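Peer 1: Structure supplied as run-v3.cif; contents: mmCIF, C-alpha atoms (C1' of nucleotides).
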data_model
#
loop_
_atom_site.label_atom_id
_atom_site.label_comp_id
_atom_site.auth_asym_id
_atom_site.auth_seq_id
_atom_site.Cartn_x
_atom_site.Cartn_y
_atom_site.Cartn_z
CA MET A 99 -35.16 -9.51 101.92
CA MET A 100 -38.73 -9.29 100.65
CA ALA A 101 -39.40 -8.62 96.98
CA ALA A 102 -40.64 -5.11 96.49
CA GLU A 103 -44.27 -4.77 95.58
CA PRO A 104 -44.69 -3.73 91.96
CA ILE A 105 -45.36 -0.04 92.11
CA ARG A 106 -48.50 1.05 90.34
CA ASP A 107 -48.32 4.27 88.47
CA ARG A 108 -51.41 5.77 89.93
CA ARG A 109 -51.10 8.91 87.86
CA ALA A 110 -50.99 6.97 84.61
CA GLU A 111 -53.94 4.87 85.69
CA ARG A 112 -55.96 7.94 86.45
CA ARG A 113 -55.04 9.43 83.12
CA GLU A 114 -56.16 6.34 81.25
CA ALA A 115 -59.42 6.34 83.16
CA THR A 116 -60.10 9.91 82.13
CA LYS A 117 -59.30 9.16 78.50
CA THR A 118 -61.75 6.30 78.62
CA GLU A 119 -64.35 8.56 80.15
CA ILE A 120 -63.87 11.08 77.35
CA LEU A 121 -64.21 8.40 74.70
CA ASP A 122 -67.34 7.01 76.32
CA ALA A 123 -68.85 10.48 76.22
CA ALA A 124 -67.81 10.86 72.58
CA TRP A 125 -69.59 7.63 71.67
CA GLU A 126 -72.72 8.82 73.41
CA LEU A 127 -72.62 12.07 71.50
CA VAL A 128 -72.14 10.54 68.06
CA ARG A 129 -74.87 8.01 68.75
CA ALA A 130 -77.25 10.82 69.66
CA GLU A 131 -76.25 13.54 67.17
CA GLY A 132 -74.52 11.74 64.36
CA LEU A 133 -70.89 11.05 63.66
CA ALA A 134 -70.17 14.34 61.91
CA ALA A 135 -71.83 16.42 64.62
CA LEU A 136 -69.19 15.75 67.25
CA THR A 137 -67.63 18.95 68.60
CA LEU A 138 -65.04 19.50 71.29
CA ARG A 139 -67.35 21.95 73.03
CA ASP A 140 -70.11 19.39 73.49
CA LEU A 141 -67.64 16.72 74.39
CA ALA A 142 -65.93 18.86 77.02
CA ALA A 143 -69.27 19.89 78.47
CA LYS A 144 -70.33 16.27 78.75
CA VAL A 145 -67.32 15.33 80.83
CA GLY A 146 -67.35 18.53 82.90
CA MET A 147 -64.35 20.23 81.36
CA ARG A 148 -63.55 23.24 79.25
CA PRO A 149 -62.64 22.47 75.65
CA PRO A 150 -58.90 23.23 75.95
CA SER A 151 -58.54 20.68 78.72
CA LEU A 152 -59.27 17.91 76.24
CA TYR A 153 -55.92 18.66 74.65
CA SER A 154 -54.21 17.26 77.72
CA TYR A 155 -55.56 13.89 76.64
CA PHE A 156 -55.79 14.01 72.87
CA ASP A 157 -53.66 15.99 70.45
CA SER A 158 -56.53 16.90 68.16
CA LYS A 159 -60.07 16.12 67.26
CA ASN A 160 -58.89 13.61 64.71
CA ALA A 161 -56.89 11.88 67.43
CA ILE A 162 -60.21 11.34 69.19
CA TYR A 163 -61.76 9.88 66.06
CA ASP A 164 -58.71 7.70 65.75
CA ALA A 165 -59.06 6.41 69.29
CA MET A 166 -62.72 5.69 68.61
CA PHE A 167 -61.85 3.90 65.41
CA ARG A 168 -59.39 1.83 67.41
CA GLN A 169 -61.89 1.01 70.15
CA GLY A 170 -64.52 0.00 67.64
CA ASN A 171 -62.18 -2.31 65.81
CA LEU A 172 -60.89 -3.85 69.01
CA GLU A 173 -64.45 -4.59 70.03
CA LEU A 174 -65.16 -6.20 66.68
CA LEU A 175 -61.94 -8.19 66.81
CA ALA A 176 -62.87 -9.51 70.24
CA ARG A 177 -66.25 -10.63 68.96
CA CYS A 178 -64.65 -12.32 65.98
CA GLU A 179 -62.28 -14.23 68.24
CA ALA A 180 -65.14 -15.20 70.54
CA LEU A 181 -67.06 -16.73 67.65
CA PRO A 182 -67.76 -20.45 67.97
CA GLU A 183 -66.23 -22.72 65.35
CA PRO A 184 -68.80 -25.43 64.72
CA GLU A 185 -68.13 -28.26 62.31
CA ASP A 186 -70.88 -27.35 59.91
CA PRO A 187 -69.89 -24.52 57.57
CA LEU A 188 -73.47 -23.33 57.42
CA ASP A 189 -73.62 -22.93 61.18
CA ALA A 190 -70.32 -21.10 61.14
CA LEU A 191 -71.44 -18.72 58.42
CA ARG A 192 -74.68 -18.01 60.16
CA ALA A 193 -72.97 -17.30 63.44
CA SER A 194 -70.47 -14.95 61.88
CA GLY A 195 -73.14 -13.23 59.81
CA ARG A 196 -75.36 -12.68 62.82
CA MET A 197 -72.48 -11.37 64.85
CA PHE A 198 -71.39 -8.91 62.23
CA VAL A 199 -74.87 -7.68 61.42
CA GLU A 200 -75.61 -7.21 65.09
CA PHE A 201 -72.38 -5.28 65.52
CA GLY A 202 -73.24 -3.05 62.59
CA VAL A 203 -76.81 -2.17 63.34
CA GLU A 204 -76.43 -1.76 67.09
CA ASP A 205 -74.44 1.42 66.52
CA PRO A 206 -74.88 3.08 63.12
CA ALA A 207 -72.48 5.90 63.91
CA ARG A 208 -69.78 3.38 64.71
CA ALA A 209 -70.49 1.49 61.50
CA LEU A 210 -70.13 4.73 59.56
CA LEU A 211 -66.82 5.50 61.26
CA LEU A 212 -65.38 2.03 60.82
CA PHE A 213 -66.67 0.98 57.44
CA LEU A 214 -67.28 4.07 55.31
CA ARG A 215 -65.13 7.12 54.84
CA THR A 216 -67.50 9.98 55.63
CA ILE A 217 -65.52 12.39 57.82
CA PRO A 218 -63.71 14.87 55.54
CA GLY A 219 -60.28 15.19 57.17
CA PHE A 220 -60.02 11.91 59.04
CA GLU A 221 -57.88 8.93 58.18
CA PRO A 222 -56.99 6.28 60.72
CA SER A 223 -53.37 6.05 61.78
CA PRO A 224 -51.43 3.03 60.52
CA GLU A 225 -51.44 1.40 63.98
CA THR A 226 -55.20 1.53 64.32
CA TYR A 227 -55.74 0.59 60.72
CA ALA A 228 -53.65 -2.50 61.33
CA ILE A 229 -56.33 -3.76 63.70
CA ALA A 230 -58.92 -3.52 60.97
CA VAL A 231 -56.63 -5.49 58.71
CA ARG A 232 -56.23 -8.18 61.36
CA ILE A 233 -59.99 -8.59 61.51
CA VAL A 234 -60.21 -9.16 57.79
CA GLU A 235 -57.35 -11.62 57.88
CA LEU A 236 -58.95 -13.54 60.71
CA ALA A 237 -62.25 -13.81 58.89
CA ARG A 238 -60.51 -14.82 55.70
CA THR A 239 -58.54 -17.56 57.43
CA ARG A 240 -61.64 -18.97 59.06
CA MET A 241 -63.46 -19.14 55.77
CA SER A 242 -60.66 -21.00 54.08
CA ARG A 243 -60.64 -23.50 56.94
CA TYR A 244 -64.22 -24.28 56.04
CA GLY A 245 -63.18 -24.99 52.51
CA ILE A 246 -64.67 -21.91 50.95
CA PRO A 247 -62.63 -20.62 48.00
CA ALA A 248 -60.77 -17.43 48.75
CA ASP A 249 -62.39 -15.35 46.05
CA TYR A 250 -65.79 -15.89 47.60
CA PHE A 251 -64.77 -13.96 50.66
CA ASP A 252 -65.55 -10.63 49.02
CA LEU A 253 -68.97 -11.87 48.04
CA TRP A 254 -69.74 -12.84 51.61
CA THR A 255 -68.68 -9.48 53.03
CA SER A 256 -70.90 -7.70 50.55
CA LEU A 257 -73.90 -9.84 51.48
CA VAL A 258 -73.50 -9.09 55.14
CA SER A 259 -72.77 -5.41 54.81
CA GLY A 260 -75.71 -4.99 52.46
CA VAL A 261 -78.03 -6.10 55.20
CA VAL A 262 -76.37 -3.76 57.66
CA TRP A 263 -76.64 -0.64 55.51
CA GLN A 264 -80.15 -1.27 54.32
CA GLN A 265 -81.28 -1.77 57.90
CA ILE A 266 -79.50 1.32 59.14
CA ALA A 267 -80.66 3.53 56.30
CA ASN A 268 -84.28 2.50 56.06
CA GLU A 269 -85.41 1.14 59.37
CA PRO A 270 -82.93 1.79 62.18
CA GLY A 271 -83.76 -0.33 65.17
CA GLY A 272 -85.91 -2.76 63.21
CA ASP A 273 -85.30 -6.19 61.74
CA ARG A 274 -86.77 -5.96 58.25
CA TRP A 275 -83.36 -6.69 56.72
CA THR A 276 -81.41 -8.27 59.55
CA ARG A 277 -83.81 -11.19 59.65
CA TRP A 278 -82.52 -12.29 56.26
CA VAL A 279 -79.10 -13.12 57.58
CA ASP A 280 -79.68 -16.86 57.94
CA ASP A 281 -81.04 -17.11 54.41
CA LEU A 282 -78.00 -15.21 53.26
CA ALA A 283 -75.77 -17.97 54.57
CA ASP A 284 -77.91 -20.57 52.77
CA MET A 285 -77.76 -18.70 49.51
CA PHE A 286 -74.08 -18.12 49.77
CA LEU A 287 -73.16 -21.72 50.50
CA ALA A 288 -75.43 -22.96 47.75
CA GLN A 289 -73.68 -20.68 45.31
CA VAL A 290 -70.26 -21.82 46.50
CA ASN A 291 -71.24 -25.47 46.06
CA ARG A 292 -72.67 -24.85 42.65
CA ARG A 293 -69.29 -24.86 41.01
CA MET B 271 -105.50 36.12 12.09
CA MET B 272 -102.40 34.15 12.90
CA ALA B 273 -102.05 32.46 16.24
CA ALA B 274 -99.64 34.30 18.47
CA GLU B 275 -96.32 32.62 19.01
CA PRO B 276 -96.05 31.24 22.52
CA ILE B 277 -94.00 33.78 24.41
CA ARG B 278 -90.95 32.35 26.10
CA ASP B 279 -90.12 33.69 29.50
CA ARG B 280 -86.50 34.38 28.78
CA ARG B 281 -85.85 35.60 32.29
CA ALA B 282 -87.15 32.39 33.82
CA GLU B 283 -85.14 30.33 31.37
CA ARG B 284 -82.00 32.19 32.25
CA ARG B 285 -82.70 31.70 35.92
CA GLU B 286 -83.18 27.97 35.53
CA ALA B 287 -79.97 27.76 33.57
CA THR B 288 -78.08 29.46 36.38
CA LYS B 289 -79.62 27.16 38.97
CA THR B 290 -78.52 24.20 36.92
CA GLU B 291 -75.06 25.65 36.64
CA ILE B 292 -74.87 26.03 40.41
CA LEU B 293 -76.00 22.47 40.95
CA ASP B 294 -73.49 21.15 38.45
CA ALA B 295 -70.76 22.96 40.34
CA ALA B 296 -72.05 21.56 43.62
CA TRP B 297 -71.85 18.02 42.26
CA GLU B 298 -68.31 18.61 41.13
CA LEU B 299 -67.38 19.87 44.57
CA VAL B 300 -68.88 17.00 46.51
CA ARG B 301 -67.33 14.50 44.15
CA ALA B 302 -63.93 16.07 44.74
CA GLU B 303 -64.09 16.98 48.43
CA GLY B 304 -66.77 14.76 49.89
CA LEU B 305 -70.43 15.35 50.52
CA ALA B 306 -70.02 16.96 53.93
CA ALA B 307 -67.31 19.34 52.74
CA LEU B 308 -69.61 21.42 50.55
CA THR B 309 -69.55 25.11 51.51
CA LEU B 310 -71.30 28.09 50.01
CA ARG B 311 -67.97 29.90 49.73
CA ASP B 312 -66.45 27.24 47.53
CA LEU B 313 -69.62 26.85 45.56
CA ALA B 314 -69.94 30.57 44.90
CA ALA B 315 -66.30 30.79 43.90
CA LYS B 316 -66.75 27.95 41.46
CA VAL B 317 -69.56 29.69 39.62
CA GLY B 318 -67.95 33.13 39.80
CA MET B 319 -70.22 34.67 42.39
CA ARG B 320 -70.04 35.94 45.94
CA PRO B 321 -71.66 33.67 48.50
CA PRO B 322 -74.70 35.88 49.18
CA SER B 323 -75.66 35.81 45.53
CA LEU B 324 -76.48 32.14 45.83
CA TYR B 325 -79.42 33.11 47.97
CA SER B 326 -81.09 34.55 44.90
CA TYR B 327 -81.39 30.98 43.65
CA PHE B 328 -81.65 28.81 46.73
CA ASP B 329 -83.14 29.68 50.10
CA SER B 330 -80.51 27.88 52.10
CA LYS B 331 -77.73 25.37 51.92
CA ASN B 332 -80.18 22.60 52.70
CA ALA B 333 -82.27 23.72 49.75
CA ILE B 334 -79.24 23.01 47.61
CA TYR B 335 -78.85 19.55 49.09
CA ASP B 336 -82.54 19.03 48.49
CA ALA B 337 -82.23 20.00 44.83
CA MET B 338 -79.30 17.64 44.49
CA PHE B 339 -81.25 14.87 46.17
CA ARG B 340 -84.01 15.52 43.68
CA GLN B 341 -81.70 15.51 40.68
CA GLY B 342 -80.06 12.30 41.77
CA ASN B 343 -83.35 10.53 42.24
CA LEU B 344 -84.71 11.78 38.92
CA GLU B 345 -81.64 10.41 37.21
CA LEU B 346 -82.09 7.05 38.89
CA LEU B 347 -85.79 7.00 38.06
CA ALA B 348 -84.99 7.65 34.41
CA ARG B 349 -82.54 4.77 34.35
CA CYS B 350 -85.09 2.49 35.99
CA GLU B 351 -87.67 3.37 33.39
CA ALA B 352 -85.17 2.86 30.59
CA LEU B 353 -84.43 -0.66 31.81
CA PRO B 354 -85.24 -3.42 29.31
CA GLU B 355 -87.90 -5.93 30.33
CA PRO B 356 -86.72 -9.25 28.93
CA GLU B 357 -88.79 -12.39 29.34
CA ASP B 358 -86.26 -14.21 31.43
CA PRO B 359 -86.35 -13.15 35.10
CA LEU B 360 -82.64 -13.81 35.42
CA ASP B 361 -81.84 -11.43 32.60
CA ALA B 362 -84.11 -8.83 34.12
CA LEU B 363 -82.52 -9.14 37.53
CA ARG B 364 -79.05 -8.92 36.11
CA ALA B 365 -79.87 -5.84 34.10
CA SER B 366 -81.42 -4.06 37.05
CA GLY B 367 -78.60 -5.09 39.34
CA ARG B 368 -75.96 -3.87 36.94
CA MET B 369 -77.77 -0.62 36.42
CA PHE B 370 -78.14 0.08 40.10
CA VAL B 371 -74.59 -0.91 41.01
CA GLU B 372 -73.24 1.26 38.22
CA PHE B 373 -75.33 4.18 39.41
CA GLY B 374 -74.07 3.74 42.96
CA VAL B 375 -70.38 3.36 42.37
CA GLU B 376 -70.04 5.96 39.64
CA ASP B 377 -70.66 8.71 42.19
CA PRO B 378 -70.06 7.75 45.84
CA ALA B 379 -71.02 11.18 47.15
CA ARG B 380 -74.36 10.92 45.39
CA ALA B 381 -74.90 7.45 46.82
CA LEU B 382 -74.20 8.78 50.29
CA LEU B 383 -76.66 11.63 49.80
CA LEU B 384 -79.42 9.49 48.34
CA PHE B 385 -79.13 6.28 50.31
CA LEU B 386 -77.63 7.00 53.71
CA ARG B 387 -78.43 9.75 56.12
CA THR B 388 -75.06 11.31 56.83
CA ILE B 389 -75.58 15.09 56.71
CA PRO B 390 -76.55 16.28 60.21
CA GLY B 391 -79.29 18.83 59.52
CA PHE B 392 -80.58 17.66 56.16
CA GLU B 393 -83.83 15.89 55.42
CA PRO B 394 -85.35 15.82 51.96
CA SER B 395 -88.58 17.70 51.44
CA PRO B 396 -91.72 15.62 50.97
CA GLU B 397 -91.86 16.42 47.24
CA THR B 398 -88.37 15.21 46.57
CA TYR B 399 -88.74 12.25 48.85
CA ALA B 400 -91.78 11.22 46.86
CA ILE B 401 -89.53 10.62 43.86
CA ALA B 402 -87.45 8.18 45.87
CA VAL B 403 -90.63 6.39 46.85
CA ARG B 404 -91.70 6.14 43.23
CA ILE B 405 -88.44 4.44 42.37
CA VAL B 406 -88.97 1.81 45.02
CA GLU B 407 -92.54 1.25 43.90
CA LEU B 408 -91.47 0.86 40.30
CA ALA B 409 -88.81 -1.70 41.18
CA ARG B 410 -91.25 -3.55 43.41
CA THR B 411 -93.88 -3.73 40.71
CA ARG B 412 -91.42 -5.03 38.15
CA MET B 413 -90.28 -7.77 40.49
CA SER B 414 -93.78 -8.95 41.14
CA ARG B 415 -94.42 -9.08 37.41
CA TYR B 416 -91.59 -11.59 37.20
CA GLY B 417 -93.30 -13.71 39.80
CA ILE B 418 -90.93 -13.00 42.63
CA PRO B 419 -92.67 -12.97 46.02
CA ALA B 420 -92.99 -9.50 47.50
CA ASP B 421 -91.07 -10.22 50.66
CA TYR B 422 -87.96 -11.07 48.66
CA PHE B 423 -87.72 -7.53 47.42
CA ASP B 424 -85.90 -6.42 50.56
CA LEU B 425 -83.44 -9.23 50.18
CA TRP B 426 -82.64 -8.17 46.65
CA THR B 427 -82.07 -4.54 47.58
CA SER B 428 -79.68 -5.58 50.31
CA LEU B 429 -77.67 -7.75 47.92
CA VAL B 430 -77.26 -4.96 45.45
CA SER B 431 -76.49 -2.23 47.95
CA GLY B 432 -73.98 -4.46 49.69
CA VAL B 433 -71.94 -4.60 46.53
CA VAL B 434 -72.18 -0.85 46.11
CA TRP B 435 -70.98 0.03 49.60
CA GLN B 436 -68.21 -2.49 49.73
CA GLN B 437 -66.89 -1.26 46.40
CA ILE B 438 -67.12 2.38 47.43
CA ALA B 439 -65.56 1.85 50.84
CA ASN B 440 -62.73 -0.47 49.95
CA GLU B 441 -61.79 0.02 46.34
CA PRO B 442 -63.42 3.09 44.79
CA GLY B 443 -63.10 2.97 41.05
CA GLY B 444 -62.38 -0.76 40.94
CA ASP B 445 -64.51 -3.80 40.23
CA ARG B 446 -63.54 -6.25 42.98
CA TRP B 447 -67.13 -6.28 44.25
CA THR B 448 -69.15 -5.00 41.31
CA ARG B 449 -68.12 -7.98 39.21
CA TRP B 450 -70.19 -10.20 41.50
CA VAL B 451 -73.45 -8.67 40.42
CA ASP B 452 -74.38 -11.38 37.89
CA ASP B 453 -73.70 -14.12 40.42
CA LEU B 454 -75.86 -12.20 42.85
CA ALA B 455 -78.81 -12.55 40.50
CA ASP B 456 -78.15 -16.29 40.17
CA MET B 457 -77.98 -16.76 43.90
CA PHE B 458 -81.05 -14.74 44.50
CA LEU B 459 -83.23 -16.53 41.97
CA ALA B 460 -82.03 -19.90 43.18
CA GLN B 461 -83.03 -18.96 46.70
CA VAL B 462 -86.43 -17.73 45.55
CA ASN B 463 -87.05 -20.97 43.66
CA ARG B 464 -85.97 -23.08 46.59
CA ARG B 465 -89.25 -22.67 48.37
"C1'" DG C 133 -79.35 40.05 40.58
"C1'" DT C 134 -75.14 41.03 42.29
"C1'" DC C 135 -72.47 43.25 45.14
"C1'" DT C 136 -70.08 45.01 49.80
"C1'" DA C 137 -70.40 44.89 54.40
"C1'" DT C 138 -71.61 42.77 58.31
"C1'" DA C 139 -74.04 39.97 61.77
"C1'" DT C 140 -73.81 35.96 64.36
"C1'" DC C 141 -72.09 32.06 65.66
"C1'" DC C 142 -69.14 28.29 66.14
"C1'" DA C 143 -65.30 25.56 65.02
"C1'" DG C 144 -60.40 23.74 66.38
"C1'" DA C 145 -56.41 25.10 68.51
"C1'" DT C 146 -52.83 27.78 71.42
"C1'" DA C 147 -50.71 30.86 75.26
"C1'" DG C 148 -49.90 31.32 79.59
"C1'" DA C 149 -51.56 32.01 84.59
"C1'" DC C 150 -52.57 29.20 88.50
"C1'" DG D 109 -54.07 19.41 84.53
"C1'" DT D 110 -57.28 22.78 84.33
"C1'" DC D 111 -58.45 27.07 83.69
"C1'" DT D 112 -59.38 31.95 81.25
"C1'" DA D 113 -58.53 34.43 77.41
"C1'" DT D 114 -57.70 34.62 72.84
"C1'" DC D 115 -56.38 33.52 68.02
"C1'" DT D 116 -57.70 32.42 63.55
"C1'" DG D 117 -60.54 31.02 60.48
"C1'" DG D 118 -64.78 29.56 58.56
"C1'" DA D 119 -69.59 28.77 58.44
"C1'" DT D 120 -74.60 30.35 57.08
"C1'" DA D 121 -77.25 34.06 56.54
"C1'" DT D 122 -79.05 39.05 56.20
"C1'" DA D 123 -79.18 44.26 55.12
"C1'" DG D 124 -79.07 47.41 51.97
"C1'" DA D 125 -76.56 50.05 48.11
"C1'" DC D 126 -76.22 49.89 43.14
#
Could the structure of this file be written out as structure tokens, please?
Peer 2:
Amino acid sequence: MMAAEPIRDRRAERREATKTEILDAAWELVRAEGLAALTLRDLAAKVGMRPPSLYSYFDSKNAIYDAMFRQGNLELLARCEALPEPEDPLDALRASGRMFVEFGVEDPARALLLFLRTIPGFEPSPETYAIAVRIVELARTRMSRYGIPADYFDLWTSLVSGVVWQQIANEPGGDRWTRWVDDLADMFLAQVNRR
Amino acid sequence: MMAAEPIRDRRAERREATKTEILDAAWELVRAEGLAALTLRDLAAKVGMRPPSLYSYFDSKNAIYDAMFRQGNLELLARCEALPEPEDPLDALRASGRMFVEFGVEDPARALLLFLRTIPGFEPSPETYAIAVRIVELARTRMSRYGIPADYFDLWTSLVSGVVWQQIANEPGGDRWTRWVDDLADMFLAQVNRR
DNA sequence: GTCTATATCCAGATAGAC
DNA sequence: GTCTATCTGGATATAGAC
């Protein structure tokens, strides 16, 4: 007797596709109008629905923010895992700095959602927050493998995020701050080696 | 004949006092509820008025944000001007870094209003924005007096603001990032002297 | 200057027919 | 799953009496 083909749940697939479509539209809206300006009306209009229909896919507006928070962190986690691991610590720092800065400035609304708490009622669910924690742990582990003392990790994150926020706030789309990222790695390593 | 006493405009004084009172209440609200959560209802309630009465003092909600933006920048400007100017560049950098970091973390809502653009409809008026520009010019001038090349100014601002945002986002009220500010000055000067 | 009353609009969310 | 209709509440802002 032949093994039965695995049966695809076409309904579930379709549902997931629609959820993805809604989230894509939400990202477009926040990129264009700002993170706080997202409304279910606009979102529904963008995907060709009436607002109540969105509730078939997400329980609330905050559930949408939560899904976006999750997507953003998964994307960042993927980029962290895809990072090369060269022998030279300086090369490694530069690569990770560039990656993170690029991630931050390429989508300011996403950076605001992921890294600052600016939406009044929203807090990520524990499951999605766990992804953010994994990212930090991964970065921390990598640094220690390069022999950098653990307490310097915080210093490094502040250097990188400083570049991101200054660039976003003062010259979105430009490189007046992002171009410092390689020097940042120099400075940082020199400081680490100083003691 | 005796010179006439200068006549105080008691009505105008009273009016200014009320405006100040409203702004004080607004600061309290945004500190407690977040910058975006400010509403005229809450604000009026806090000063013992009905919402329409606020329009006797401010033309619109954005005018209130603008006045707050102005106040915040005036405060920062005053602190910049009050900064000591020691001979040693390192001491000067440390003092300015500490001052700025303290200013940022002591009121996250104010930092958000002044340094990031997070309120959808709000843009500061040219007059108030001019104050922010003066602050930057002042800091820039000071740095050049200490012999630091002009292009390093951006680097320094990113170092300091990185500490501020990381502290605000991840441990408001703590010092896990702010305590790095002296090292930041070391690192920065070392990098400047390297070339 | 402050109030009541109201205009206008928009938000997130729910009920229930189809 | 999607819709229409509606609820409920809140926002900024204005008109006009006192």
Peer 1: Using all atoms listed in the file, I'd like every residue of chain B that has an atom within 8 Å of chain A; please write them out as a short mmCIF file (atom, residue, chain, number, x, y, z; two decimals) with C-alpha atoms, in the coordinates of the input.
Peer 2:
data_model
loop_
_atom_site.label_atom_id
_atom_site.label_comp_id
_atom_site.auth_asym_id
_atom_site.auth_seq_id
_atom_site.Cartn_x
_atom_site.Cartn_y
_atom_site.Cartn_z
CA GLU B 303 -64.09 16.98 48.43
CA GLY B 304 -66.77 14.76 49.89
CA LEU B 305 -70.43 15.35 50.52
CA ALA B 306 -70.02 16.96 53.93
CA ALA B 307 -67.31 19.34 52.74
CA PHE B 385 -79.13 6.28 50.31
CA LEU B 386 -77.63 7.00 53.71
CA ARG B 387 -78.43 9.75 56.12
CA THR B 388 -75.06 11.31 56.83
CA ILE B 389 -75.58 15.09 56.71
CA PRO B 390 -76.55 16.28 60.21
CA ASP B 424 -85.90 -6.42 50.56
CA LEU B 425 -83.44 -9.23 50.18
CA THR B 427 -82.07 -4.54 47.58
CA SER B 428 -79.68 -5.58 50.31
CA LEU B 429 -77.67 -7.75 47.92
CA VAL B 430 -77.26 -4.96 45.45
CA SER B 431 -76.49 -2.23 47.95
CA GLY B 432 -73.98 -4.46 49.69
CA VAL B 433 -71.94 -4.60 46.53
CA TRP B 435 -70.98 0.03 49.60
CA GLN B 436 -68.21 -2.49 49.73
CA ALA B 439 -65.56 1.85 50.84
CA ARG B 446 -63.54 -6.25 42.98
CA TRP B 447 -67.13 -6.28 44.25
CA TRP B 450 -70.19 -10.20 41.50
CA MET B 457 -77.98 -16.76 43.90
CA PHE B 458 -81.05 -14.74 44.50
CA ALA B 460 -82.03 -19.90 43.18
CA GLN B 461 -83.03 -18.96 46.70
#
Peer 1: Considering all atoms listed in the file, can you say which of B:Pro378, B:Ala362, B:Lys331, B:Leu353 comes closest to Glu298 of chain B?
Peer 2: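 With all atoms listed in the file as the atom set, the closest residue is B:Pro378.
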Peer 1: Name the residues that the PyMOL selection byres ((chain D) within 12 of (chain B)) picks from the file above, as a list of chain:residue names, using the file's chain letters and numbers.
Peer 2: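 This file gives the following for the PyMOL selection byres ((chain D) within 12 of (chain B)): D:DG118, D:DA119, D:DT120, D:DA121, D:DT122, D:DA123.
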Peer 1: Mind telling me what the PyMOL selection byres ((chain C) within 12 of (chain B)) catches here, as JSON, numbers by chain?
Peer 2: {"C": [133, 134, 135, 136, 137, 138]}
Peer 1: Would you translate the PyMOL selection byres ((chain C and resi 148) around 12) into the concrete set of residues it matches in this file, as an MDAnalysis selection string?
Peer 2: (chainID C and resid 146:147 149:150) or (chainID D and resid 111:114)
Peer 1: Put the listed atoms of segment 426-436 of chain B in a box along x, y and z with 5 Å added on every side and give me the centre and edge lengths in Å to one decimal, as JSON.
Peer 2:
{"center_x": -75.4, "center_y": -4.1, "center_z": 47.9, "size_x": 24.4, "size_y": 18.2, "size_z": 14.9}
Peer 1: Figure out the distance between atom CA of Tyr163 of chain A and atom CA of Pro222 of chain A, please, to one decimal in Å.
Peer 2: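 Result for atom CA of Pro222 of chain A versus atom CA of Tyr163 of chain A: 8.0 Å, one decimal.
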Peer 1: Could you work out how far atom CA of Arg380 of chain B lies from atom CA of Gly342 of chain B, giving the answer in Å with one decimal?
Peer 2: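 For atom CA of Gly342 of chain B relative to atom CA of Arg380 of chain B, the distance reads 6.9 Å.
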Peer 1: Take atom CA of Val403 of chain B and atom CA of Gly202 of chain A and report the distance between them in Å, one decimal.
Peer 2: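 Between atom CA of Val403 of chain B and atom CA of Gly202 of chain A the gap is 25.3 Å.
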Peer 1: Would you kindly return, as a PyMOL selection string, each protein, DNA or RNA residue with an atom no farther than 9 Å from any atom of Ala161 of chain A, considering all atoms listed in the file and excluding same-chain residues fewer than 4 positions away?
Peer 2: chain A and resi 156-157+165-166+220+222-223
